[in-house]
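S.K.: Shown below is the structure under consideration.
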Amino acid sequence: ATVGVAVVGLGKLSLNQIIPGFRNCRSARLAAVVSGHPEKAHRIAEEQKLSPRSVYTYADYDRIASDPNIDVVYIVLPNFMHAEYTIRALKAGKHVLCEKPMATTIGDAERMIAAARTANRHLMIAYRCHYEPLNLAGMRLLRSGELGKTRVVSTVMGRQADPSDPSDAWRLDMMKSGGALTDMGIYGVNGARYLLNEEPTEIQAWSQTDKSDPRFRDVVDLYSWQARFPSGAIATGSTSFNYAATMSWEVQSENGKITADPGCFYSGNRLTLGGTKVATPEIREIDQFAREMDWIADVVRGKAPMVSTAEEGLQDMRLMMAIMESAAKGGASVATNYGFRRPVDP
Ligand code: NAD
């Protein structure tokens, strides 16, 4: 049997990627939608051949507890709402797939982890790149040792924010999101860790904000950071809501270089090997959202290991807070030994 997923929040990502993605799933199926806009929700339900009983509002959300059709709840709300809706779903006895960033505060992230423990349910963070073939190819190549020691990982993750787009309006609000760092920069922080397969011990960062740009009244525009890792590798990253859309990473190893540019888009990603072995390997493209939903479905059925854990989400939260703290102190070094160890590679 397939695993039923309720999608909470019918915004851009849900409508353009997640709901269409169920077509490409083999283990997960769309089981319900939760929205504050009943008309939109019923239209989507009809299109997706869901019964009207599978449409929930935020007010009757807790009723999902008695809906046996729903196994997993997928939280696709603005970041500041992740904690509340995750905890309510866990209390309703459901497993949760929660979008990145896990939350907007460390306290919220810790409460989410505690709620999953108490409920004895899975809580997975939707880090789609953990399941994406190009990023997996990069991880495998680095783990193989073929390129020798990794020296530097550089990540560039940003885009132009558009304040007239309601999807970006809350992203430019510090309390609701946290700006470019938590929206895009998180891919660089997370990426450096999964490429190196270790955790940073120290972070330094600078920020730069054009206060005459009305988009940046409340959030930092640009961060640049560097992190030291136990192996001796150094990772660097930049993130901004005021540069041309880029999601790329590059690895400099003793015997080679890997460039992923774009490396984390929904499609069209491209991997180039430089140094001694120059090539552009052909990588099969997949529906990243379908793969991720199938993954949690397989975790629930005991057929796959948990990869992008809630602890992984908390680790990125702590590291992003360390970047903010360092930048606020003009680049002071912040120790980041939080005791986290990554679980298995996917
Ligand atoms: P969005 O603004 O388009 O959608 C959010 C939805 O929440 C909207 O339908 C909105 O109506 C609803 N909502 C309910 N209460 C709200 C409130 N108080 N304020 C604002 N909106 C409210 O945003 P999105 O781009 O779909 O992003 C949703 C989540 O998905 C975010 O956490 C984001 O970080 C994440 N995301 C992840 C990826 C990825 O590649 N994994 C890509 C895009 C977005």
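Labeling convention for the structure tokens: chains A, B, ... as they appear, residues from 1 per chain, ligands from 1 in order of appearance.
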Kindly compile the residues surrounding ligand 1 within 10 Å, counting only C-alpha atoms and all ligand atoms, and format them as a ChimeraX atom specification.
M.R.: /A:8-18,34-37,40,58,74-82,98-104,125-129,165-171,176-177,182-184,186-187,264-266,288-289,292
S.K.: Could you pull the residues within 7 Å of region 237-254 of chain A, counting only C-alpha atoms, minus those fewer than 5 positions along the same chain, as a ChimeraX atom specification?
M.R.: /A:147-161,180-181,184-185,188,221-226,259-265
S.K.: Next, the residues of the selection above should be written as a PDB file, in the first residue's frame with C-alpha atoms.
M.R.:
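Saved the output as result_23.pdb:
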```pdb
ATOM      1  CA  LEU A 147      40.475  13.049  -5.518  1.00  0.00           C
ATOM      2  CA  GLY A 148      42.656  12.904  -2.392  1.00  0.00           C
ATOM      3  CA  LYS A 149      42.007  15.209   0.522  1.00  0.00           C
ATOM      4  CA  THR A 150      39.361  17.890   0.136  1.00  0.00           C
ATOM      5  CA  ARG A 151      40.809  21.311   0.849  1.00  0.00           C
ATOM      6  CA  VAL A 152      38.054  23.851   0.111  1.00  0.00           C
ATOM      7  CA  VAL A 153      34.307  23.806  -0.486  1.00  0.00           C
ATOM      8  CA  SER A 154      32.841  27.056  -1.849  1.00  0.00           C
ATOM      9  CA  THR A 155      29.102  27.671  -2.076  1.00  0.00           C
ATOM     10  CA  VAL A 156      27.126  30.498  -3.688  1.00  0.00           C
ATOM     11  CA  MET A 157      23.400  30.502  -2.946  1.00  0.00           C
ATOM     12  CA  GLY A 158      21.175  33.456  -3.706  1.00  0.00           C
ATOM     13  CA  ARG A 159      18.761  35.249  -5.985  1.00  0.00           C
ATOM     14  CA  GLN A 160      16.858  38.501  -6.359  1.00  0.00           C
ATOM     15  CA  ALA A 161      14.012  38.794  -3.847  1.00  0.00           C
ATOM     16  CA  ALA A 180      18.516  35.081   2.263  1.00  0.00           C
ATOM     17  CA  LEU A 181      20.615  33.111   4.757  1.00  0.00           C
ATOM     18  CA  MET A 184      19.052  30.131   0.219  1.00  0.00           C
ATOM     19  CA  GLY A 185      22.245  30.207   2.298  1.00  0.00           C
ATOM     20  CA  GLY A 188      25.475  26.163   1.281  1.00  0.00           C
ATOM     21  CA  ASP A 221      21.058  41.418   2.326  1.00  0.00           C
ATOM     22  CA  LEU A 222      24.397  39.609   1.972  1.00  0.00           C
ATOM     23  CA  TYR A 223      26.396  37.222   4.153  1.00  0.00           C
ATOM     24  CA  SER A 224      29.828  35.815   3.438  1.00  0.00           C
ATOM     25  CA  TRP A 225      31.092  33.107   5.794  1.00  0.00           C
ATOM     26  CA  GLN A 226      33.917  30.672   6.295  1.00  0.00           C
ATOM     27  CA  THR A 259      32.053  22.226 -10.011  1.00  0.00           C
ATOM     28  CA  ALA A 260      28.291  21.995  -9.622  1.00  0.00           C
ATOM     29  CA  ASP A 261      26.820  25.013 -11.393  1.00  0.00           C
ATOM     30  CA  PRO A 262      23.929  25.054 -11.170  1.00  0.00           C
ATOM     31  CA  GLY A 263      24.171  22.523  -8.390  1.00  0.00           C
ATOM     32  CA  CYS A 264      20.890  22.801  -6.491  1.00  0.00           C
ATOM     33  CA  PHE A 265      18.248  23.950  -8.968  1.00  0.00           C
TER      34      PHE A 265
END
```
S.K.: Just the residues within 8 Å of Gly330 (chain A), please, counting only C-alpha atoms, with nothing from its chain fewer than 2 positions along; format it as a ChimeraX atom specification.
M.R.: /A:205-206,326-328,332
S.K.: A:Ile19, A:Met124, A:Ile323, A:Ala235: which is nearest Gln204 (chain A), counting only C-alpha atoms?
M.R.: A:Ile323
S.K.: Out of A:Leu319, A:Leu271, A:Ala114, A:Leu90, which residue has the shortest atom-to-atom distance to Gly138 (chain A) when counting only C-alpha atoms?
M.R.: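 Smallest separation from Gly138 (chain A) among the options: A:Leu271.
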S.K.: What does the distance from CA of Ala89 (chain A) to CA of Thr57 (chain A) come to in Å, to one decimal?
M.R.: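 Answer for the CA of Ala89 (chain A) to CA of Thr57 (chain A) separation: 13.4 Å.
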S.K.: Between A:Pro20, A:Pro133, A:Pro38, A:Pro305, which residue has the minimum interatomic distance to Asp60 (chain A), considering only C-alpha atoms?
M.R.: A:Pro38
S.K.: Excluding Gln315 (chain A) and any residue of its chain fewer than 3 positions from it, enumerate the residues within 8 Å of it, using only C-alpha atoms, and give them as a ChimeraX atom specification.
M.R.: /A:311-312,318-319,338,340
S.K.: Extract, using only C-alpha atoms, all DNA, RNA and protein residues at most 8 Å from Ile113 (chain A), discarding same-chain residues fewer than 3 positions from it, and format them as a count of residues only.
M.R.: 7
S.K.: Would you mind telling me which residue in A:Thr336, A:Asn120, A:Ser51, A:Ser212 lies nearest to Ala92 (chain A) when using only C-alpha atoms?
M.R.: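 Ranking A:Thr336, A:Asn120, A:Ser51, A:Ser212 by distance to Ala92 (chain A), first place goes to A:Asn120.
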S.K.: Under the rule that only C-alpha atoms are counted, which of A:Leu172, A:Arg228, A:Lys303, A:Ala137 is the nearest residue to Thr272 (chain A)?
M.R.: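 Among the listed residues, the smallest separation from Thr272 (chain A) belongs to A:Ala137.
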S.K.: Where in region 99-212 of chain A does DSSP assign strand (DSSP E or B), given as a PyMOL selection string?
M.R.: chain A and resi 99+123-126+150-160+202-208
S.K.: Using only C-alpha atoms, please write the residues we just selected to a file, as a tab-separated table (two decimals), in the first residue's frame.
M.R.:
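result.tsv was written with the following content:
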```tsv
chain	number	residue	atom	x	y	z
A	99	GLU	CA	10.30	22.13	4.71
A	123	LEU	CA	10.31	13.98	11.67
A	124	MET	CA	12.22	14.49	8.43
A	125	ILE	CA	13.45	17.82	7.05
A	126	ALA	CA	12.92	18.35	3.33
A	150	THR	CA	39.36	17.89	0.14
A	151	ARG	CA	40.81	21.31	0.85
A	152	VAL	CA	38.05	23.85	0.11
A	153	VAL	CA	34.31	23.81	-0.49
A	154	SER	CA	32.84	27.06	-1.85
A	155	THR	CA	29.10	27.67	-2.08
A	156	VAL	CA	27.13	30.50	-3.69
A	157	MET	CA	23.40	30.50	-2.95
A	158	GLY	CA	21.18	33.46	-3.71
A	159	ARG	CA	18.76	35.25	-5.99
A	160	GLN	CA	16.86	38.50	-6.36
A	202	GLU	CA	34.53	27.35	14.00
A	203	ILE	CA	32.74	29.96	11.88
A	204	GLN	CA	33.43	33.55	10.89
A	205	ALA	CA	31.15	35.77	8.85
A	206	TRP	CA	30.65	39.23	7.43
A	207	SER	CA	27.43	40.84	6.36
A	208	GLN	CA	26.63	43.74	4.08
```
S.K.: DSSP on the backbone: which residues in region 35-188 of chain A end up as helix (DSSP H, G or I)? Give the answer as a ChimeraX atom specification.
M.R.: /A:38-47,52-54,61-66,79-91,106-119,128-131,133-144,166-172,180-188
